[in-house]
Amino acid sequence: MDLLSVLFLGIGAGMVLAIPSMFLIGSESSRDYPIGGFLPMSMVPFLSGDSKLALAGILLVGGMLGFNLIVYFYRGRAALGVAVAHAMGHGHGHDDQEHDSGHEDPAPVESNSGGQVIVGKSLAEFL
């Protein structure tokens, strides 16, 4: 089989298997346990190719890519809806300066001889 078609088969299977995986495990912990991304490797015995190991690797890469695409779009749907509503609500004749008051300022930047260092919350405080 052509390697590109195997990759697309893995992506499609990863996208399809991501939905029941997120339903069973939950969307929050599906990032930690990507079972739907590993399941496309179960199709290796049914594919004809020179190297089953290469097919398994390509299916794994495609499955994880498809799985992470679905998880990314599912988890980003709220931010996307806010962005669309913001774009539709502020489309005609509104001044952008009056709407910028609700946005946070970016983290302060300290410069030194080695370059720029961004100072802000640590990862533990952010999570």
# chains A, B, ... in the order shown; residues from 1 in each chain; ligands from 1

$ residues_around --residues "A:Ile70" --least-positions-apart "4" --cutoff "8 Å" --atoms "only C-alpha atoms" --output "list in words"
Met15, Ala18, Ile19, Gly66 and Tyr74 of chain A

$ residues_around --residues "stretch 44-57 of chain A" --least-positions-apart "2" --cutoff "12 Å" --atoms "only C-alpha atoms" --output "number ranges by chain"
A: 1-10, 37-42, 59-64

$ write_last_selection --atoms "N, CA and C atoms" --output "mmCIF file, in the first residue's frame"
data_model
loop_
_atom_site.group_PDB
_atom_site.id
_atom_site.type_symbol
_atom_site.label_atom_id
_atom_site.label_comp_id
_atom_site.auth_asym_id
_atom_site.auth_seq_id
_atom_site.Cartn_x
_atom_site.Cartn_y
_atom_site.Cartn_z
ATOM 1 N N MET A 1 0.833 -1.177 0.000
ATOM 2 C CA MET A 1 0.000 0.000 0.000
ATOM 3 C C MET A 1 0.876 1.237 0.000
ATOM 4 N N ASP A 2 0.393 2.270 -0.591
ATOM 5 C CA ASP A 2 1.114 3.526 -0.603
ATOM 6 C C ASP A 2 1.185 4.083 0.819
ATOM 7 N N LEU A 3 2.342 4.579 1.191
ATOM 8 C CA LEU A 3 2.540 5.046 2.568
ATOM 9 C C LEU A 3 1.663 6.248 2.908
ATOM 10 N N LEU A 4 1.405 7.099 1.911
ATOM 11 C CA LEU A 4 0.559 8.264 2.171
ATOM 12 C C LEU A 4 -0.880 7.847 2.462
ATOM 13 N N SER A 5 -1.361 6.827 1.748
ATOM 14 C CA SER A 5 -2.728 6.363 2.026
ATOM 15 C C SER A 5 -2.805 5.692 3.396
ATOM 16 N N VAL A 6 -1.732 5.038 3.828
ATOM 17 C CA VAL A 6 -1.704 4.453 5.171
ATOM 18 C C VAL A 6 -1.724 5.561 6.219
ATOM 19 N N LEU A 7 -1.006 6.651 5.955
ATOM 20 C CA LEU A 7 -1.020 7.785 6.882
ATOM 21 C C LEU A 7 -2.417 8.380 6.991
ATOM 22 N N PHE A 8 -3.087 8.578 5.852
ATOM 23 C CA PHE A 8 -4.446 9.127 5.883
ATOM 24 C C PHE A 8 -5.424 8.157 6.537
ATOM 25 N N LEU A 9 -5.208 6.862 6.362
ATOM 26 C CA LEU A 9 -6.028 5.866 7.038
ATOM 27 C C LEU A 9 -5.850 5.970 8.551
ATOM 28 N N GLY A 10 -4.616 6.168 8.995
ATOM 29 C CA GLY A 10 -4.348 6.339 10.421
ATOM 30 C C GLY A 10 -4.949 7.618 10.970
ATOM 31 N N GLY A 37 -5.624 7.208 19.928
ATOM 32 C CA GLY A 37 -4.517 7.403 19.005
ATOM 33 C C GLY A 37 -3.699 6.151 18.785
ATOM 34 N N PHE A 38 -3.722 5.221 19.749
ATOM 35 C CA PHE A 38 -2.971 3.973 19.615
ATOM 36 C C PHE A 38 -3.771 2.874 18.927
ATOM 37 N N LEU A 39 -5.083 2.947 18.955
ATOM 38 C CA LEU A 39 -5.910 1.876 18.399
ATOM 39 C C LEU A 39 -5.765 1.666 16.888
ATOM 40 N N PRO A 40 -5.442 2.678 16.069
ATOM 41 C CA PRO A 40 -5.258 2.383 14.639
ATOM 42 C C PRO A 40 -4.147 1.377 14.342
ATOM 43 N N MET A 41 -3.240 1.153 15.292
ATOM 44 C CA MET A 41 -2.193 0.155 15.059
ATOM 45 C C MET A 41 -2.767 -1.257 15.018
ATOM 46 N N SER A 42 -3.988 -1.447 15.461
ATOM 47 C CA SER A 42 -4.596 -2.775 15.409
ATOM 48 C C SER A 42 -4.952 -3.183 13.976
ATOM 49 N N LEU A 59 0.904 4.206 11.018
ATOM 50 C CA LEU A 59 -0.443 4.224 11.593
ATOM 51 C C LEU A 59 -0.448 4.880 12.964
ATOM 52 N N LEU A 60 0.604 4.671 13.734
ATOM 53 C CA LEU A 60 0.696 5.307 15.057
ATOM 54 C C LEU A 60 0.804 6.821 14.918
ATOM 55 N N VAL A 61 1.646 7.275 14.005
ATOM 56 C CA VAL A 61 1.796 8.724 13.801
ATOM 57 C C VAL A 61 0.488 9.327 13.303
ATOM 58 N N GLY A 62 -0.142 8.675 12.335
ATOM 59 C CA GLY A 62 -1.410 9.177 11.815
ATOM 60 C C GLY A 62 -2.511 9.133 12.849
ATOM 61 N N GLY A 63 -2.567 8.061 13.629
ATOM 62 C CA GLY A 63 -3.595 7.947 14.658
ATOM 63 C C GLY A 63 -3.449 9.005 15.732
ATOM 64 N N MET A 64 -2.223 9.254 16.155
ATOM 65 C CA MET A 64 -2.000 10.288 17.178
ATOM 66 C C MET A 64 -2.300 11.675 16.622
#

$ atom_distance --atom1 "atom CA of A:Ile11" --atom2 "atom CA of A:Ser30"
16.9 Å

$ closest_residue --among "A:Gly89, A:Ser122, A:Ser29, A:Phe67" --to "A:Val16" --atoms "only C-alpha atoms"
A:Phe67

$ closest_residue --among "A:Val84, A:Ser21, A:Phe73, A:Gly120" --to "A:Tyr33" --atoms "only C-alpha atoms"
A:Ser21

$ atom_distance --atom1 "atom CA of A:Met22" --atom2 "atom CA of A:Tyr72"
11.7 Å
